[in-house]
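Raw contents of work-v8.cif, mmCIF, C-alpha atoms (C1' of nucleotides):
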data_protein
#
loop_
_atom_site.label_atom_id
_atom_site.label_comp_id
_atom_site.auth_asym_id
_atom_site.auth_seq_id
_atom_site.Cartn_x
_atom_site.Cartn_y
_atom_site.Cartn_z
CA MET A 1 -9.47 20.96 1.37
CA PRO A 2 -9.31 24.31 -0.34
CA HIS A 3 -5.87 25.14 1.05
CA VAL A 4 -4.07 22.38 -0.70
CA GLN A 5 -3.37 24.35 -3.83
CA LYS A 6 -1.86 27.09 -1.74
CA GLU A 7 0.56 24.64 -0.22
CA VAL A 8 1.59 23.36 -3.60
CA GLU A 9 2.35 26.93 -4.59
CA ARG A 10 4.31 27.52 -1.45
CA PHE A 11 6.42 24.50 -2.26
CA ALA A 12 6.77 25.56 -5.91
CA ALA A 13 8.09 28.93 -4.81
CA PHE A 14 10.67 27.30 -2.60
CA LEU A 15 11.76 24.95 -5.35
CA GLN A 16 12.13 27.71 -7.89
CA GLN A 17 14.13 29.77 -5.50
CA GLN A 18 16.50 26.81 -5.13
CA GLY A 19 16.70 26.16 -8.85
CA LEU A 20 14.69 22.97 -8.44
CA LYS A 21 11.73 21.75 -10.40
CA LEU A 22 8.13 21.23 -9.50
CA THR A 23 7.36 17.83 -10.94
CA SER A 24 4.00 16.16 -11.07
CA GLU A 25 5.19 13.66 -8.47
CA ARG A 26 6.14 16.37 -6.01
CA ALA A 27 2.88 18.20 -6.49
CA ALA A 28 0.89 15.01 -6.01
CA LEU A 29 2.72 14.24 -2.77
CA VAL A 30 2.15 17.71 -1.37
CA ARG A 31 -1.51 17.50 -2.23
CA GLU A 32 -1.81 14.16 -0.52
CA ILE A 33 0.08 15.24 2.59
CA PHE A 34 -1.87 18.43 3.10
CA SER A 35 -5.27 16.93 2.49
CA THR A 36 -5.07 14.64 5.53
CA HIS A 37 -4.74 15.72 9.09
CA TYR A 38 -3.03 12.79 10.68
CA HIS A 39 0.54 11.99 11.37
CA PHE A 40 1.84 9.65 8.75
CA GLU A 41 4.74 7.39 7.95
CA ALA A 42 6.70 7.39 4.74
CA ASP A 43 5.51 3.93 3.75
CA GLU A 44 1.95 4.84 4.50
CA LEU A 45 2.24 7.73 2.09
CA LEU A 46 3.74 5.46 -0.54
CA PHE A 47 0.84 3.09 -0.04
CA LYS A 48 -1.80 5.79 -0.40
CA MET A 49 -0.29 6.97 -3.66
CA LYS A 50 -0.36 3.44 -5.05
CA GLU A 51 -3.93 3.12 -3.98
CA LYS A 52 -4.79 6.18 -6.01
CA ALA A 53 -2.94 4.70 -8.94
CA VAL A 54 -0.40 7.50 -8.87
CA LYS A 55 2.87 5.71 -9.42
CA ILE A 56 5.62 7.19 -7.30
CA SER A 57 8.70 5.31 -6.19
CA ARG A 58 9.88 4.83 -2.66
CA ALA A 59 12.99 6.90 -3.37
CA THR A 60 10.95 9.84 -4.59
CA VAL A 61 8.73 9.76 -1.53
CA TYR A 62 11.74 9.96 0.75
CA ARG A 63 13.43 12.60 -1.37
CA THR A 64 10.34 14.78 -1.41
CA LEU A 65 9.82 14.43 2.32
CA GLU A 66 13.37 15.58 2.84
CA LEU A 67 12.73 18.68 0.77
CA LEU A 68 9.52 19.40 2.60
CA VAL A 69 11.30 19.11 5.92
CA LYS A 70 13.89 21.56 4.65
CA THR A 71 11.25 24.10 3.73
CA GLY A 72 9.64 23.64 7.11
CA MET A 73 6.34 22.54 5.59
CA VAL A 74 6.66 19.09 7.13
CA ARG A 75 8.15 18.04 10.42
CA ARG A 76 9.79 14.77 11.34
CA VAL A 77 8.76 13.48 14.75
CA HIS A 78 9.34 10.54 16.98
CA LEU A 79 6.13 9.01 18.23
CA GLY A 80 6.18 6.08 20.56
CA GLU A 81 9.13 3.77 20.36
CA ASP A 82 9.49 3.23 16.67
CA HIS A 83 10.75 4.73 13.44
CA TYR A 84 9.94 8.19 12.12
CA HIS A 85 6.59 9.79 11.60
CA TYR A 86 5.90 12.98 9.76
CA GLU A 87 3.33 15.68 10.23
CA HIS A 88 2.54 18.59 8.00
CA VAL A 89 2.97 22.06 9.37
CA THR A 90 0.35 24.60 8.57
CA GLY A 91 0.45 28.13 9.86
CA ASN A 92 -0.27 26.89 13.34
CA SER A 93 2.40 26.74 15.96
CA HIS A 94 4.57 24.07 17.42
CA HIS A 95 3.05 21.35 19.50
CA ASP A 96 4.05 18.24 21.44
CA HIS A 97 2.48 14.81 21.76
CA LEU A 98 0.78 12.50 24.20
CA VAL A 99 1.15 9.01 22.75
CA CYS A 100 -1.00 6.14 23.95
CA THR A 101 1.12 3.02 24.19
CA THR A 102 -1.94 0.80 24.03
CA CYS A 103 -3.77 1.97 20.92
CA GLY A 104 -1.17 4.25 19.36
CA SER A 105 -3.43 7.27 19.27
CA VAL A 106 -1.80 10.67 19.49
CA ILE A 107 -3.05 13.77 21.25
CA GLU A 108 -1.40 17.03 20.32
CA PHE A 109 -0.99 19.80 22.82
CA HIS A 110 0.74 23.10 23.13
CA ASP A 111 1.73 24.77 26.35
CA ALA A 112 3.35 28.17 26.34
CA TRP A 113 4.53 27.82 29.90
CA LEU A 114 6.42 24.65 29.07
CA GLU A 115 8.06 26.31 26.11
CA GLU A 116 9.09 29.33 28.12
CA ARG A 117 10.58 27.20 30.84
CA GLN A 118 12.62 25.32 28.27
CA ARG A 119 14.02 28.56 26.94
CA GLU A 120 15.08 29.49 30.45
CA ILE A 121 16.77 26.16 31.00
CA CYS A 122 18.73 26.59 27.78
CA LYS A 123 19.79 30.09 28.65
CA LYS A 124 21.07 28.97 32.03
CA ARG A 125 23.26 26.38 30.27
CA HIS A 126 24.40 28.68 27.46
CA PHE A 127 22.73 26.38 24.97
CA THR A 128 21.13 27.77 21.81
CA PRO A 129 18.02 25.74 21.08
CA THR A 130 16.72 25.28 17.57
CA PHE A 131 14.05 22.69 18.05
CA HIS A 132 12.64 20.35 20.62
CA ASN A 133 10.74 17.15 20.75
CA LEU A 134 8.63 16.06 23.71
CA GLN A 135 6.55 12.95 23.81
CA ILE A 136 4.72 11.79 26.87
CA LEU A 137 3.96 8.10 26.70
CA GLY A 138 1.10 6.62 28.65
CA VAL A 139 -2.46 5.40 28.40
CA CYS A 140 -5.30 7.41 26.94
CA GLU A 141 -8.68 7.75 28.56
CA ALA A 142 -10.46 5.33 26.25
CA CYS A 143 -7.88 2.58 26.70
CA LYS A 144 -7.82 3.03 30.42
CA ARG A 145 -11.55 2.61 30.57
CA LYS A 146 -11.45 -0.49 28.42
CA GLY A 147 -8.92 -1.93 30.83
CA GLU A 148 -6.76 -4.84 29.79
CA GLN A 149 -8.50 -5.88 26.65
CA PRO A 150 -6.53 -7.96 24.19
CA ASP A 151 -4.71 -5.80 21.67
CA ALA A 152 -7.10 -4.48 19.13
CA PRO A 153 -5.96 -4.86 15.53
CA ASP A 154 -4.54 -1.45 15.06
CA ARG A 155 -4.25 0.87 12.16
CA VAL A 156 -0.49 1.03 12.21
CA LYS A 157 -0.02 -2.68 11.92
CA MET A 158 -2.52 -2.94 9.10
CA ILE A 159 -0.69 -0.33 7.14
CA GLN A 160 2.60 -2.07 7.63
CA VAL A 161 1.22 -5.32 6.30
CA ALA A 162 -0.28 -3.60 3.30
CA ALA A 163 2.94 -1.77 2.57
CA MET A 164 4.93 -4.97 2.82
CA GLN A 165 2.79 -6.73 0.28
CA LEU A 166 3.12 -3.80 -2.05
CA ARG A 167 6.83 -3.94 -1.83
CA LYS A 168 6.95 -7.23 -3.67
CA MET B 1 33.89 2.44 40.19
CA PRO B 2 33.17 0.72 43.47
CA HIS B 3 29.41 0.54 42.82
CA VAL B 4 29.63 -1.75 39.89
CA GLN B 5 29.46 -4.91 41.92
CA LYS B 6 26.34 -3.63 43.63
CA GLU B 7 24.68 -3.19 40.26
CA VAL B 8 25.56 -6.70 39.25
CA GLU B 9 23.91 -7.92 42.42
CA ARG B 10 20.86 -5.84 41.79
CA PHE B 11 20.54 -7.42 38.38
CA ALA B 12 21.18 -10.89 39.79
CA ALA B 13 18.37 -10.41 42.28
CA PHE B 14 15.99 -9.41 39.53
CA LEU B 15 16.99 -12.36 37.40
CA GLN B 16 16.55 -14.83 40.20
CA GLN B 17 13.17 -13.46 41.05
CA GLN B 18 12.16 -14.06 37.44
CA GLY B 19 13.62 -17.54 37.33
CA LEU B 20 16.38 -16.36 35.01
CA LYS B 21 20.09 -16.94 35.19
CA LEU B 22 23.01 -14.68 35.88
CA THR B 23 25.52 -15.71 33.24
CA SER B 24 29.06 -14.48 32.89
CA GLU B 25 28.04 -12.57 29.75
CA ARG B 26 25.28 -10.71 31.54
CA ALA B 27 27.51 -9.84 34.44
CA ALA B 28 30.24 -8.59 32.12
CA LEU B 29 27.79 -6.38 30.29
CA VAL B 30 26.40 -4.87 33.47
CA ARG B 31 29.92 -4.18 34.69
CA GLU B 32 30.80 -2.48 31.45
CA ILE B 33 27.64 -0.41 31.32
CA PHE B 34 27.87 0.83 34.87
CA SER B 35 31.55 1.65 34.79
CA THR B 36 31.12 4.35 32.16
CA HIS B 37 29.08 7.44 32.51
CA TYR B 38 28.17 8.22 28.96
CA HIS B 39 25.21 7.41 26.83
CA PHE B 40 26.00 4.52 24.58
CA GLU B 41 24.70 2.62 21.59
CA ALA B 42 24.23 -1.09 21.39
CA ASP B 43 26.91 -1.51 18.76
CA GLU B 44 29.30 0.61 20.73
CA LEU B 45 28.85 -1.71 23.67
CA LEU B 46 29.42 -4.73 21.46
CA PHE B 47 32.60 -3.11 20.19
CA LYS B 48 33.93 -2.36 23.66
CA MET B 49 33.43 -5.94 24.72
CA LYS B 50 35.34 -7.20 21.70
CA GLU B 51 38.10 -4.75 22.49
CA LYS B 52 38.41 -6.26 25.93
CA ALA B 53 38.51 -9.69 24.35
CA VAL B 54 35.27 -10.68 26.06
CA LYS B 55 33.38 -12.48 23.33
CA ILE B 56 29.70 -11.66 23.41
CA SER B 57 27.39 -11.89 20.43
CA ARG B 58 25.26 -9.13 19.05
CA ALA B 59 22.12 -11.05 19.98
CA THR B 60 23.17 -11.35 23.60
CA VAL B 61 23.94 -7.67 23.84
CA TYR B 62 20.47 -6.79 22.62
CA ARG B 63 18.82 -9.41 24.79
CA THR B 64 20.62 -8.21 27.88
CA LEU B 65 19.81 -4.58 27.18
CA GLU B 66 16.18 -5.54 26.91
CA LEU B 67 16.30 -7.18 30.32
CA LEU B 68 18.06 -4.21 31.84
CA VAL B 69 15.45 -1.89 30.44
CA LYS B 70 12.77 -4.10 31.98
CA THR B 71 14.37 -3.89 35.40
CA GLY B 72 14.66 -0.15 35.04
CA MET B 73 18.43 -0.21 35.41
CA VAL B 74 18.90 1.07 31.87
CA ARG B 75 16.82 3.47 29.87
CA ARG B 76 16.32 3.67 26.13
CA VAL B 77 16.44 7.21 24.80
CA HIS B 78 16.26 9.05 21.55
CA LEU B 79 19.11 11.47 21.13
CA GLY B 80 19.33 13.65 18.08
CA GLU B 81 17.79 12.30 14.95
CA ASP B 82 19.06 8.77 14.86
CA HIS B 83 18.56 5.30 16.22
CA TYR B 84 18.43 4.39 19.89
CA HIS B 85 20.84 5.22 22.62
CA TYR B 86 20.90 3.80 26.10
CA GLU B 87 21.86 5.24 29.42
CA HIS B 88 22.28 3.53 32.74
CA VAL B 89 20.07 4.58 35.59
CA THR B 90 21.61 4.88 38.99
CA GLY B 91 19.70 5.92 42.04
CA ASN B 92 19.41 9.43 40.68
CA SER B 93 16.23 10.63 39.17
CA HIS B 94 14.88 11.14 35.72
CA HIS B 95 16.46 13.70 33.46
CA ASP B 96 16.12 15.11 29.95
CA HIS B 97 18.65 16.07 27.31
CA LEU B 98 20.10 19.01 25.47
CA VAL B 99 21.69 17.58 22.33
CA CYS B 100 24.19 19.57 20.30
CA THR B 101 23.53 19.00 16.61
CA THR B 102 27.04 20.08 15.71
CA CYS B 103 29.26 17.94 17.89
CA GLY B 104 26.76 15.45 19.25
CA SER B 105 27.51 16.21 22.88
CA VAL B 106 24.73 15.73 25.38
CA ILE B 107 23.93 17.80 28.45
CA GLU B 108 21.60 16.25 30.97
CA PHE B 109 19.24 18.33 33.02
CA HIS B 110 16.37 17.88 35.39
CA ASP B 111 13.71 20.41 36.11
CA ALA B 112 11.00 19.71 38.64
CA TRP B 113 8.84 22.52 37.38
CA LEU B 114 8.80 21.08 33.88
CA GLU B 115 7.84 17.67 35.24
CA GLU B 116 5.08 19.08 37.36
CA ARG B 117 3.65 21.03 34.47
CA GLN B 118 3.60 17.91 32.36
CA ARG B 119 1.63 16.09 35.01
CA GLU B 120 -0.92 18.88 34.98
CA ILE B 121 -1.23 18.78 31.22
CA CYS B 122 -1.88 15.04 31.35
CA LYS B 123 -4.46 15.39 34.05
CA LYS B 124 -6.34 18.00 32.09
CA ARG B 125 -6.54 15.59 29.13
CA HIS B 126 -7.35 12.51 31.23
CA PHE B 127 -4.15 10.89 30.08
CA THR B 128 -2.18 8.60 32.40
CA PRO B 129 1.50 9.18 31.77
CA THR B 130 4.06 6.45 32.33
CA PHE B 131 7.16 7.98 30.86
CA HIS B 132 8.34 10.93 28.86
CA ASN B 133 11.15 11.85 26.58
CA LEU B 134 12.27 15.41 25.94
CA GLN B 135 15.21 16.38 23.82
CA ILE B 136 16.07 19.93 23.00
CA LEU B 137 18.23 20.13 19.89
CA GLY B 138 20.49 23.06 19.31
CA VAL B 139 24.07 24.25 19.53
CA CYS B 140 26.23 24.00 22.62
CA GLU B 141 28.36 26.83 23.92
CA ALA B 142 31.65 25.43 22.65
CA CYS B 143 30.36 24.87 19.13
CA LYS B 144 28.78 28.25 18.98
CA ARG B 145 32.05 29.86 19.92
CA LYS B 146 33.92 27.88 17.29
CA GLY B 147 31.44 29.20 14.75
CA GLU B 148 31.00 27.46 11.43
CA GLN B 149 34.00 25.21 11.44
CA PRO B 150 33.93 22.23 9.11
CA ASP B 151 32.49 19.18 10.78
CA ALA B 152 34.95 17.75 13.20
CA PRO B 153 35.41 13.99 12.89
CA ASP B 154 33.13 12.98 15.63
CA ARG B 155 33.11 10.20 18.11
CA VAL B 156 29.84 8.71 16.96
CA LYS B 157 30.96 8.28 13.38
CA MET B 158 34.21 6.70 14.44
CA ILE B 159 32.41 4.16 16.53
CA GLN B 160 30.10 3.29 13.68
CA VAL B 161 33.00 2.64 11.37
CA ALA B 162 34.75 0.52 13.93
CA ALA B 163 31.62 -1.47 14.60
CA MET B 164 31.06 -2.02 10.92
CA GLN B 165 34.50 -3.46 10.42
CA LEU B 166 33.98 -5.75 13.35
CA ARG B 167 30.84 -7.05 11.85
CA LYS B 168 32.74 -8.77 9.07
"C1'" DC C 1 11.47 23.74 -30.02
"C1'" DT C 2 15.96 22.44 -28.18
"C1'" DG C 3 19.33 21.35 -24.74
"C1'" DC C 4 20.55 20.16 -20.51
"C1'" DA C 5 20.36 19.96 -15.65
"C1'" DA C 6 17.21 18.15 -12.41
"C1'" DT C 7 14.41 14.24 -11.56
"C1'" DT C 8 12.62 9.74 -11.66
"C1'" DG C 9 12.08 4.50 -10.93
"C1'" DA C 10 13.87 0.00 -10.14
"C1'" DG C 11 16.25 -2.41 -7.47
"C1'" DA C 12 20.69 -3.16 -5.05
"C1'" DC C 13 22.43 -1.86 -0.77
"C1'" DT C 14 23.00 -0.42 4.33
"C1'" DC C 15 22.44 -0.85 8.98
"C1'" DA C 16 20.15 -1.40 13.42
"C1'" DG C 17 17.82 -4.71 15.35
"C1'" DT C 18 15.37 -9.56 15.63
"C1'" DC C 19 14.93 -14.43 15.13
"C1'" DT C 20 16.27 -19.40 14.82
"C1'" DC C 21 18.29 -23.43 16.34
"C1'" DA C 22 21.88 -26.48 17.74
"C1'" DA C 23 25.27 -26.44 21.31
"C1'" DT C 24 26.33 -24.87 26.01
"C1'" DT C 25 25.71 -23.48 30.85
"C1'" DG C 26 23.67 -22.39 35.49
"C1'" DT C 27 20.79 -24.10 39.09
"C1'" DT C 28 18.03 -27.29 41.57
"C1'" DC C 29 17.48 -31.37 43.81
"C1'" DA C 30 18.86 -35.95 45.11
"C1'" DT D 1 28.95 -34.31 43.79
"C1'" DG D 2 26.41 -35.11 39.82
"C1'" DA D 3 22.33 -35.69 36.79
"C1'" DA D 4 18.66 -33.35 34.53
"C1'" DC D 5 16.75 -29.82 32.30
"C1'" DA D 6 15.36 -25.22 31.44
"C1'" DA D 7 17.55 -21.00 30.29
"C1'" DT D 8 21.13 -19.07 27.54
"C1'" DT D 9 24.40 -18.45 24.03
"C1'" DG D 10 26.58 -17.56 19.27
"C1'" DA D 11 26.49 -17.59 14.37
"C1'" DG D 12 24.41 -16.11 10.91
"C1'" DA D 13 20.03 -15.67 8.29
"C1'" DC D 14 16.47 -12.41 8.18
"C1'" DT D 15 13.61 -7.95 8.50
"C1'" DG D 16 12.26 -3.40 7.53
"C1'" DA D 17 13.11 1.47 7.18
"C1'" DG D 18 15.69 4.21 4.71
"C1'" DT D 19 19.61 5.44 1.11
"C1'" DC D 20 22.11 5.15 -3.12
"C1'" DT D 21 23.09 4.36 -8.11
"C1'" DC D 22 22.47 4.95 -12.78
"C1'" DA D 23 20.17 4.86 -17.10
"C1'" DA D 24 16.02 6.82 -18.88
"C1'" DT D 25 12.85 10.76 -18.55
"C1'" DT D 26 11.11 15.46 -17.85
"C1'" DG D 27 10.60 20.49 -16.72
"C1'" DC D 28 11.95 24.79 -18.10
"C1'" DA D 29 15.02 28.72 -19.78
"C1'" DG D 30 16.30 30.60 -23.93
#
Would you mind writing the file out in structure tokens?
Amino acid sequence: MPHVQKEVERFAAFLQQQGLKLTSERAALVREIFSTHYHFEADELLFKMKEKAVKISRATVYRTLELLVKTGMVRRVHLGEDHYHYEHVTGNSHHDHLVCTTCGSVIEFHDAWLEERQREICKKRHFTPTFHNLQILGVCEACKRKGEQPDAPDRVKMIQVAAMQLRK
Amino acid sequence: MPHVQKEVERFAAFLQQQGLKLTSERAALVREIFSTHYHFEADELLFKMKEKAVKISRATVYRTLELLVKTGMVRRVHLGEDHYHYEHVTGNSHHDHLVCTTCGSVIEFHDAWLEERQREICKKRHFTPTFHNLQILGVCEACKRKGEQPDAPDRVKMIQVAAMQLRK
DNA sequence: CTGCAATTGAGACTCAGTCTCAATTGTTCA
DNA sequence: TGAACAATTGAGACTGAGTCTCAATTGCAG
């Protein structure tokens, strides 16, 4: 990922401008976040850092995510029915999510028409939108084809278990 | 609210059909839920029942909400950036939400065009939708007019405090 | 190189929500 | 009507994501 360094610099610039410091922990987190494509959870990030033997505390992970959300480099999203997920924001535009309730996979999509219509709805109600969040829950093609197979051991659950053990 | 009794009966029918029982606690909760219009939180409901001197435990509140969600009489929604909220479902159709991030007020809306477009998007991706959740966050007309006033003590926070004290 | 504000880690804490289990209650059937 | 028994309840322990505190550490401006 050649862009990662650029993202670190973007964050550094923001920090400086706010009178904040670019610490090694913050840089490491940004590098990690921007070198993967997937949506992630805070604990999952914590876990990955431990795996790489980069020691960063839970508190710092959350604090850094908060800063990144403030800069707009990371977005907090609801997926499915659970707690928060995060996704990094690169130049590319806003998108929404199709979430498979069987396997947890996420398909991103963007639809200009949908966005435009939302703007119209807001205008009609004299509401000034700043952000929106649309998830469509359902069943993805692969799961539908597989039919009612017993729940596969899924990635999310495995991560949770791993994170729990770490916590000790 | 003359409809409330009808809702209790609807729930009773569902329970019977599942071999479950209509207890006084369940009936009281349904009556409470369907005699208010607003979105509510589980703890808020618990609090209201205590206020009315109807003793119902936290566990029962959550268990009953779960049943009501299963019947489709109540819907679980994300509003703003927090935990869950619930809303009762009467005959009327699905709707989405405009959520004011300043005062927490919620405007419901329904737009057939939006819904139709979503169906098309799903079809194109071979995704079988079962449900969706759209919130548009922003600033409502009243708050915009008031400008940048210091945060008013809001309803949500008050309820949380009250609920916390109860918990003891 | 120094000084100091910003930052960190460890772990206590919060809070919504879940689970357990003994005691209670609604319903079915005689 | 009443016995029998499964479903339900309440109290409180527990969980897990996220927040807070504070002493020790670190980045950076001068």
Residues within 12 Å of range 1-15 of chain D, only C-alpha atoms (C1' of nucleotides), excluding chain neighbours under 5 positions, as a ChimeraX atom specification: /A:164 /B:15-16,18-26,55-61,63-64,167-168 /C:15-30
Output check: residues returned by the PyMOL selection byres ((chain A and resi 29-35) around 8), as a PyMOL selection string: chain A and resi 1+4-5+7-8+25-28+36-37+45+49+61+64+88
Residues of chain C no more than 12 Å from chain A, counting all atoms listed in the file: send them over as a PDB file with C-alpha atoms (C1' of nucleotides), in the frame of the given file.
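And here's iface-v4.pdb as it stands now:
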ATOM      1  C1'  DA C   5      20.360  19.960 -15.650  1.00  0.00           C
ATOM      2  C1'  DA C   6      17.210  18.150 -12.410  1.00  0.00           C
ATOM      3  C1'  DT C   7      14.410  14.240 -11.560  1.00  0.00           C
ATOM      4  C1'  DT C   8      12.620   9.740 -11.660  1.00  0.00           C
ATOM      5  C1'  DG C   9      12.080   4.500 -10.930  1.00  0.00           C
ATOM      6  C1'  DA C  10      13.870   0.000 -10.140  1.00  0.00           C
ATOM      7  C1'  DG C  11      16.250  -2.410  -7.470  1.00  0.00           C
ATOM      8  C1'  DA C  16      20.150  -1.400  13.420  1.00  0.00           C
ATOM      9  C1'  DG C  17      17.820  -4.710  15.350  1.00  0.00           C
TER      10       DG C  17
END
Apply the PyMOL selection byres ((chain D) within 9 of (chain A)) to the structure shown and report the selected residues as a PyMOL selection string. chain D and resi 16-19+26-28
Given the file shown, enumerate the residues that the PyMOL selection byres ((chain A) within 6 of (chain B)) captures and present them as a ChimeraX atom specification. /A:126-141
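Here CA of Glu116 in chain A stands at a distance of 18.3 Å from CA of Glu108 in chain B.
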